[in-house]
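Undergrad: This is model22.pdb (PDB, C-alpha atoms).
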```
ATOM      1  CA  MET B   1      60.321 -21.099 177.969  1.00  0.00           C
ATOM      2  CA  PRO B   2      58.475 -24.317 178.786  1.00  0.00           C
ATOM      3  CA  THR B   3      55.622 -25.544 176.616  1.00  0.00           C
ATOM      4  CA  PRO B   4      52.150 -25.991 178.158  1.00  0.00           C
ATOM      5  CA  SER B   5      52.815 -29.724 178.487  1.00  0.00           C
ATOM      6  CA  MET B   6      56.156 -29.091 180.181  1.00  0.00           C
ATOM      7  CA  GLU B   7      54.425 -26.646 182.524  1.00  0.00           C
ATOM      8  CA  ASP B   8      51.901 -29.311 183.533  1.00  0.00           C
ATOM      9  CA  TYR B   9      54.719 -31.710 184.413  1.00  0.00           C
ATOM     10  CA  ILE B  10      56.782 -29.117 186.276  1.00  0.00           C
ATOM     11  CA  GLU B  11      53.723 -28.013 188.241  1.00  0.00           C
ATOM     12  CA  GLN B  12      52.795 -31.580 189.181  1.00  0.00           C
ATOM     13  CA  ILE B  13      56.360 -32.528 190.103  1.00  0.00           C
ATOM     14  CA  TYR B  14      56.604 -29.425 192.283  1.00  0.00           C
ATOM     15  CA  ILE B  15      53.304 -30.305 194.026  1.00  0.00           C
ATOM     16  CA  LEU B  16      54.359 -33.916 194.624  1.00  0.00           C
ATOM     17  CA  ILE B  17      57.718 -32.891 196.072  1.00  0.00           C
ATOM     18  CA  GLU B  18      56.044 -30.311 198.317  1.00  0.00           C
ATOM     19  CA  GLU B  19      53.477 -32.855 199.541  1.00  0.00           C
ATOM     20  CA  LYS B  20      55.544 -36.050 199.749  1.00  0.00           C
ATOM     21  CA  GLY B  21      59.156 -34.919 199.628  1.00  0.00           C
ATOM     22  CA  TYR B  22      59.723 -36.767 196.353  1.00  0.00           C
ATOM     23  CA  ALA B  23      58.167 -37.419 192.951  1.00  0.00           C
ATOM     24  CA  ARG B  24      58.440 -40.816 191.289  1.00  0.00           C
ATOM     25  CA  VAL B  25      57.625 -41.482 187.644  1.00  0.00           C
ATOM     26  CA  SER B  26      54.646 -43.595 188.703  1.00  0.00           C
ATOM     27  CA  ASP B  27      53.315 -40.790 190.952  1.00  0.00           C
ATOM     28  CA  ILE B  28      53.592 -38.268 188.137  1.00  0.00           C
ATOM     29  CA  ALA B  29      51.916 -40.659 185.686  1.00  0.00           C
ATOM     30  CA  ASP B  30      49.025 -41.234 188.103  1.00  0.00           C
ATOM     31  CA  ALA B  31      48.580 -37.532 188.825  1.00  0.00           C
ATOM     32  CA  LEU B  32      48.564 -36.561 185.142  1.00  0.00           C
ATOM     33  CA  SER B  33      46.735 -39.677 183.897  1.00  0.00           C
ATOM     34  CA  VAL B  34      49.484 -40.566 181.426  1.00  0.00           C
ATOM     35  CA  HIS B  35      51.655 -43.619 180.822  1.00  0.00           C
ATOM     36  CA  PRO B  36      54.919 -43.900 182.747  1.00  0.00           C
ATOM     37  CA  SER B  37      56.807 -44.027 179.438  1.00  0.00           C
ATOM     38  CA  SER B  38      55.423 -40.574 178.584  1.00  0.00           C
ATOM     39  CA  VAL B  39      56.602 -39.292 181.955  1.00  0.00           C
ATOM     40  CA  THR B  40      60.073 -40.717 181.395  1.00  0.00           C
ATOM     41  CA  LYS B  41      60.356 -38.972 178.020  1.00  0.00           C
ATOM     42  CA  MET B  42      59.214 -35.653 179.458  1.00  0.00           C
ATOM     43  CA  VAL B  43      61.436 -35.951 182.515  1.00  0.00           C
ATOM     44  CA  GLN B  44      64.418 -36.534 180.225  1.00  0.00           C
ATOM     45  CA  LYS B  45      63.482 -33.394 178.284  1.00  0.00           C
ATOM     46  CA  LEU B  46      63.067 -31.383 181.491  1.00  0.00           C
ATOM     47  CA  ASP B  47      66.474 -32.660 182.610  1.00  0.00           C
ATOM     48  CA  LYS B  48      68.007 -31.522 179.315  1.00  0.00           C
ATOM     49  CA  ASP B  49      66.369 -28.096 179.730  1.00  0.00           C
ATOM     50  CA  GLU B  50      67.708 -27.882 183.312  1.00  0.00           C
ATOM     51  CA  TYR B  51      64.369 -27.838 185.154  1.00  0.00           C
ATOM     52  CA  LEU B  52      65.304 -30.998 187.030  1.00  0.00           C
ATOM     53  CA  VAL B  53      67.999 -33.617 187.471  1.00  0.00           C
ATOM     54  CA  TYR B  54      66.912 -37.130 186.560  1.00  0.00           C
ATOM     55  CA  GLU B  55      68.850 -40.320 187.188  1.00  0.00           C
ATOM     56  CA  LYS B  56      67.293 -43.488 185.844  1.00  0.00           C
ATOM     57  CA  TYR B  57      66.061 -45.748 188.661  1.00  0.00           C
ATOM     58  CA  ARG B  58      67.093 -43.168 191.267  1.00  0.00           C
ATOM     59  CA  GLY B  59      64.452 -40.478 190.970  1.00  0.00           C
ATOM     60  CA  LEU B  60      64.541 -36.788 190.247  1.00  0.00           C
ATOM     61  CA  MET B  61      65.124 -33.426 191.878  1.00  0.00           C
ATOM     62  CA  LEU B  62      64.018 -30.010 190.727  1.00  0.00           C
ATOM     63  CA  THR B  63      66.817 -27.569 190.031  1.00  0.00           C
ATOM     64  CA  PRO B  64      66.542 -24.012 191.399  1.00  0.00           C
ATOM     65  CA  LYS B  65      65.131 -23.058 187.975  1.00  0.00           C
ATOM     66  CA  GLY B  66      62.592 -25.892 188.219  1.00  0.00           C
ATOM     67  CA  LYS B  67      61.594 -24.971 191.776  1.00  0.00           C
ATOM     68  CA  LYS B  68      61.092 -21.328 190.835  1.00  0.00           C
ATOM     69  CA  THR B  69      59.051 -22.278 187.775  1.00  0.00           C
ATOM     70  CA  GLY B  70      57.002 -24.856 189.694  1.00  0.00           C
ATOM     71  CA  LYS B  71      56.202 -22.416 192.474  1.00  0.00           C
ATOM     72  CA  ARG B  72      55.085 -19.792 189.982  1.00  0.00           C
ATOM     73  CA  LEU B  73      52.933 -22.298 188.064  1.00  0.00           C
ATOM     74  CA  VAL B  74      51.204 -23.422 191.272  1.00  0.00           C
ATOM     75  CA  TYR B  75      50.619 -19.764 192.160  1.00  0.00           C
ATOM     76  CA  ARG B  76      49.092 -19.137 188.730  1.00  0.00           C
ATOM     77  CA  HIS B  77      46.793 -22.136 189.057  1.00  0.00           C
ATOM     78  CA  GLU B  78      45.642 -21.197 192.566  1.00  0.00           C
ATOM     79  CA  LEU B  79      45.116 -17.563 191.564  1.00  0.00           C
ATOM     80  CA  LEU B  80      42.923 -18.543 188.623  1.00  0.00           C
ATOM     81  CA  GLU B  81      40.911 -20.924 190.803  1.00  0.00           C
ATOM     82  CA  GLN B  82      40.379 -18.098 193.269  1.00  0.00           C
ATOM     83  CA  LEU B  83      39.289 -15.712 190.512  1.00  0.00           C
ATOM     84  CA  LEU B  84      36.765 -18.190 189.149  1.00  0.00           C
ATOM     85  CA  ARG B  85      35.352 -18.719 192.647  1.00  0.00           C
ATOM     86  CA  PHE B  86      35.063 -14.941 193.114  1.00  0.00           C
ATOM     87  CA  ILE B  87      33.075 -14.554 189.929  1.00  0.00           C
ATOM     88  CA  GLY B  88      30.756 -17.418 190.823  1.00  0.00           C
ATOM     89  CA  VAL B  89      31.877 -20.277 188.589  1.00  0.00           C
ATOM     90  CA  LYS B  90      30.456 -23.573 189.841  1.00  0.00           C
ATOM     91  CA  GLU B  91      32.980 -25.530 191.886  1.00  0.00           C
ATOM     92  CA  GLU B  92      32.674 -28.615 189.686  1.00  0.00           C
ATOM     93  CA  ASN B  93      33.814 -26.553 186.665  1.00  0.00           C
ATOM     94  CA  ILE B  94      36.712 -24.659 188.197  1.00  0.00           C
ATOM     95  CA  TYR B  95      39.560 -27.173 187.798  1.00  0.00           C
ATOM     96  CA  ARG B  96      38.702 -27.955 184.177  1.00  0.00           C
ATOM     97  CA  ASP B  97      38.279 -24.263 183.345  1.00  0.00           C
ATOM     98  CA  VAL B  98      41.611 -23.341 184.926  1.00  0.00           C
ATOM     99  CA  GLU B  99      43.334 -26.145 183.018  1.00  0.00           C
ATOM    100  CA  GLY B 100      41.793 -24.751 179.840  1.00  0.00           C
ATOM    101  CA  ILE B 101      42.956 -21.163 180.293  1.00  0.00           C
ATOM    102  CA  GLU B 102      46.091 -21.157 182.426  1.00  0.00           C
ATOM    103  CA  HIS B 103      48.539 -21.701 179.562  1.00  0.00           C
ATOM    104  CA  HIS B 104      46.990 -18.989 177.406  1.00  0.00           C
ATOM    105  CA  LEU B 105      47.427 -15.997 179.684  1.00  0.00           C
ATOM    106  CA  SER B 106      50.512 -13.819 179.824  1.00  0.00           C
ATOM    107  CA  TRP B 107      52.298 -13.330 183.112  1.00  0.00           C
ATOM    108  CA  ASP B 108      51.235  -9.685 182.870  1.00  0.00           C
ATOM    109  CA  ALA B 109      47.594 -10.822 182.850  1.00  0.00           C
ATOM    110  CA  ILE B 110      48.283 -13.143 185.794  1.00  0.00           C
ATOM    111  CA  ASP B 111      49.833 -10.263 187.740  1.00  0.00           C
ATOM    112  CA  ARG B 112      46.774  -8.061 187.037  1.00  0.00           C
ATOM    113  CA  ILE B 113      44.470 -10.873 188.194  1.00  0.00           C
ATOM    114  CA  GLY B 114      46.551 -11.019 191.376  1.00  0.00           C
ATOM    115  CA  ASP B 115      46.004  -7.269 191.825  1.00  0.00           C
ATOM    116  CA  LEU B 116      42.251  -7.723 191.349  1.00  0.00           C
ATOM    117  CA  ILE B 117      42.054 -10.520 193.897  1.00  0.00           C
ATOM    118  CA  GLN B 118      44.094  -8.463 196.339  1.00  0.00           C
ATOM    119  CA  PHE B 119      41.619  -5.578 195.839  1.00  0.00           C
ATOM    120  CA  PHE B 120      38.721  -7.835 196.813  1.00  0.00           C
ATOM    121  CA  GLU B 121      40.554  -9.409 199.755  1.00  0.00           C
ATOM    122  CA  GLU B 122      41.594  -6.048 201.236  1.00  0.00           C
ATOM    123  CA  ASP B 123      37.946  -5.262 201.973  1.00  0.00           C
ATOM    124  CA  LYS B 124      35.595  -8.228 202.346  1.00  0.00           C
ATOM    125  CA  SER B 125      32.589  -5.941 201.718  1.00  0.00           C
ATOM    126  CA  ARG B 126      33.740  -5.803 198.097  1.00  0.00           C
ATOM    127  CA  ILE B 127      33.309  -9.564 197.845  1.00  0.00           C
ATOM    128  CA  ASP B 128      29.865  -9.257 199.409  1.00  0.00           C
ATOM    129  CA  ALA B 129      28.947  -6.583 196.847  1.00  0.00           C
ATOM    130  CA  LEU B 130      30.163  -8.832 194.027  1.00  0.00           C
ATOM    131  CA  ARG B 131      28.086 -11.733 195.372  1.00  0.00           C
ATOM    132  CA  GLU B 132      25.017  -9.468 195.526  1.00  0.00           C
ATOM    133  CA  VAL B 133      25.455  -8.461 191.878  1.00  0.00           C
ATOM    134  CA  GLN B 134      25.803 -12.143 190.951  1.00  0.00           C
ATOM    135  CA  ARG B 135      22.689 -13.034 192.955  1.00  0.00           C
ATOM    136  CA  GLN B 136      20.670 -10.301 191.247  1.00  0.00           C
ATOM    137  CA  SER B 137      21.804 -11.362 187.790  1.00  0.00           C
ATOM    138  CA  ASN B 138      20.694 -14.944 188.515  1.00  0.00           C
ATOM    139  CA  GLU B 139      17.149 -13.883 189.406  1.00  0.00           C
TER     140      GLU B 139
END
```
Could you quickly redo this structure as structure tokens?
TA:
Amino acid sequence: MPTPSMEDYIEQIYILIEEKGYARVSDIADALSVHPSSVTKMVQKLDKDEYLVYEKYRGLMLTPKGKKTGKRLVYRHELLEQLLRFIGVKEENIYRDVEGIEHHLSWDAIDRIGDLIQFFEEDKSRIDALREVQRQSNE
């Protein structure tokens, strides 16, 4: 089971590989606002735990375990962003709020949030009704 810090790295590596086809230490450091030496240490740990394969000076590749974990972490992040938008959280707060809560929810809770979002998306009038309740509470 990865730690929250490991999850952040796996998620970012997965995103970089999906977007660019590769993830370099410098790209990961920039994306996470950390020093390259910190990335190297974490990448070595993720290699040891079989989330990726790292060869010094040659780059890294996610293992099937790393890809599966990365995909699920991106899903969790996107789902929480969507939930916060549904309930009317200001856009400028969403990323920070998701970063603050995503590591503290069980996968059971994430699955239930997915069910809730699906409920709203199945009938757009439900979203409209939610927005109306939010509008009324802000008056």
Undergrad: Apply the PyMOL selection byres ((chain B and resi 117) around 10) to the file shown and report the selected residues as a ChimeraX atom specification.
TA: /B:79-80,82-83,86,111-116,118-122,127
Undergrad: Could you check the closest approach to Glu50 (chain B) for each of B:Trp107, B:Gly66, B:Arg126, B:Tyr95 and tell me which residue wins, using all atoms listed in the file?
TA: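 Residue with the minimum atom-to-atom distance to Glu50 (chain B): B:Gly66.
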Undergrad: Can you pull out every residue within 9 Å of region 13-25 of chain B, counting only C-alpha atoms, but drop anything in the same chain fewer than 4 positions away, and send it as a ChimeraX atom specification?
TA: /B:8-9,29-31,36-37,39-40,43,58-62,66-67,69-71,74
Undergrad: Which region 1-78 of chain B residues have any atom within 8 Å of an atom of region 99-104 of chain B, and for each, what is the nearest pair of atoms with distance in Å to one decimal, counting all atoms listed in the file, rows sorted by chain and number, as CSV?
TA:
```
residue,atom,partner,partner_atom,distance
B:Pro4,CA,B:His103,CA,5.8
B:Arg76,CA,B:Glu102,CA,7.3
B:His77,CA,B:Glu102,CA,6.7
```
Undergrad: Have a look at CA of Arg96 (chain B) and CA of Glu139 (chain B) and let me know their distance in Å, one decimal.
TA: 26.3 Å
Undergrad: Figure out the distance between CA of Val133 (chain B) and CA of Tyr75 (chain B), please, to one decimal in Å.
TA: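 We find that CA of Tyr75 (chain B) and CA of Val133 (chain B) lie 27.6 Å from each other.
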Undergrad: Kindly give the distance, in Å, that separates CA of Glu11 (chain B) and CA of Leu73 (chain B), rounded to a single decimal.
TA: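 Going from CA of Glu11 (chain B) over to CA of Leu73 (chain B) covers 5.8 Å.
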Undergrad: Between B:Ser26, B:Asp123, B:Ile94, B:Ile87, which is the closest to Arg135 (chain B) once you count all atoms listed in the file?
TA: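 For Arg135 (chain B), the nearest of the given residues is B:Ile87.
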Undergrad: For region 55-71 of chain B, I'd like the enclosing box, axis-aligned and padded by 3 Å on every side, reported as lines of an AutoDock Vina configuration file with centre and edge lengths in Å to one decimal.
TA:
```
center_x = 62.5
center_y = -33.5
center_z = 189.2
size_x = 18.6
size_y = 30.4
size_z = 12.6
```
Undergrad: Between B:Val98, B:Ser38, B:Tyr51, B:Glu7, which is the closest to Leu84 (chain B) once you count only C-alpha atoms?
TA: B:Val98
Undergrad: Return the single residue from B:Arg72, B:Asp108, B:Asp97, B:Lys65 that is closest to Arg85 (chain B), with distances computed using all atoms listed in the file.
TA: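 Answer, going by the shortest atom-to-atom distance: B:Asp97.
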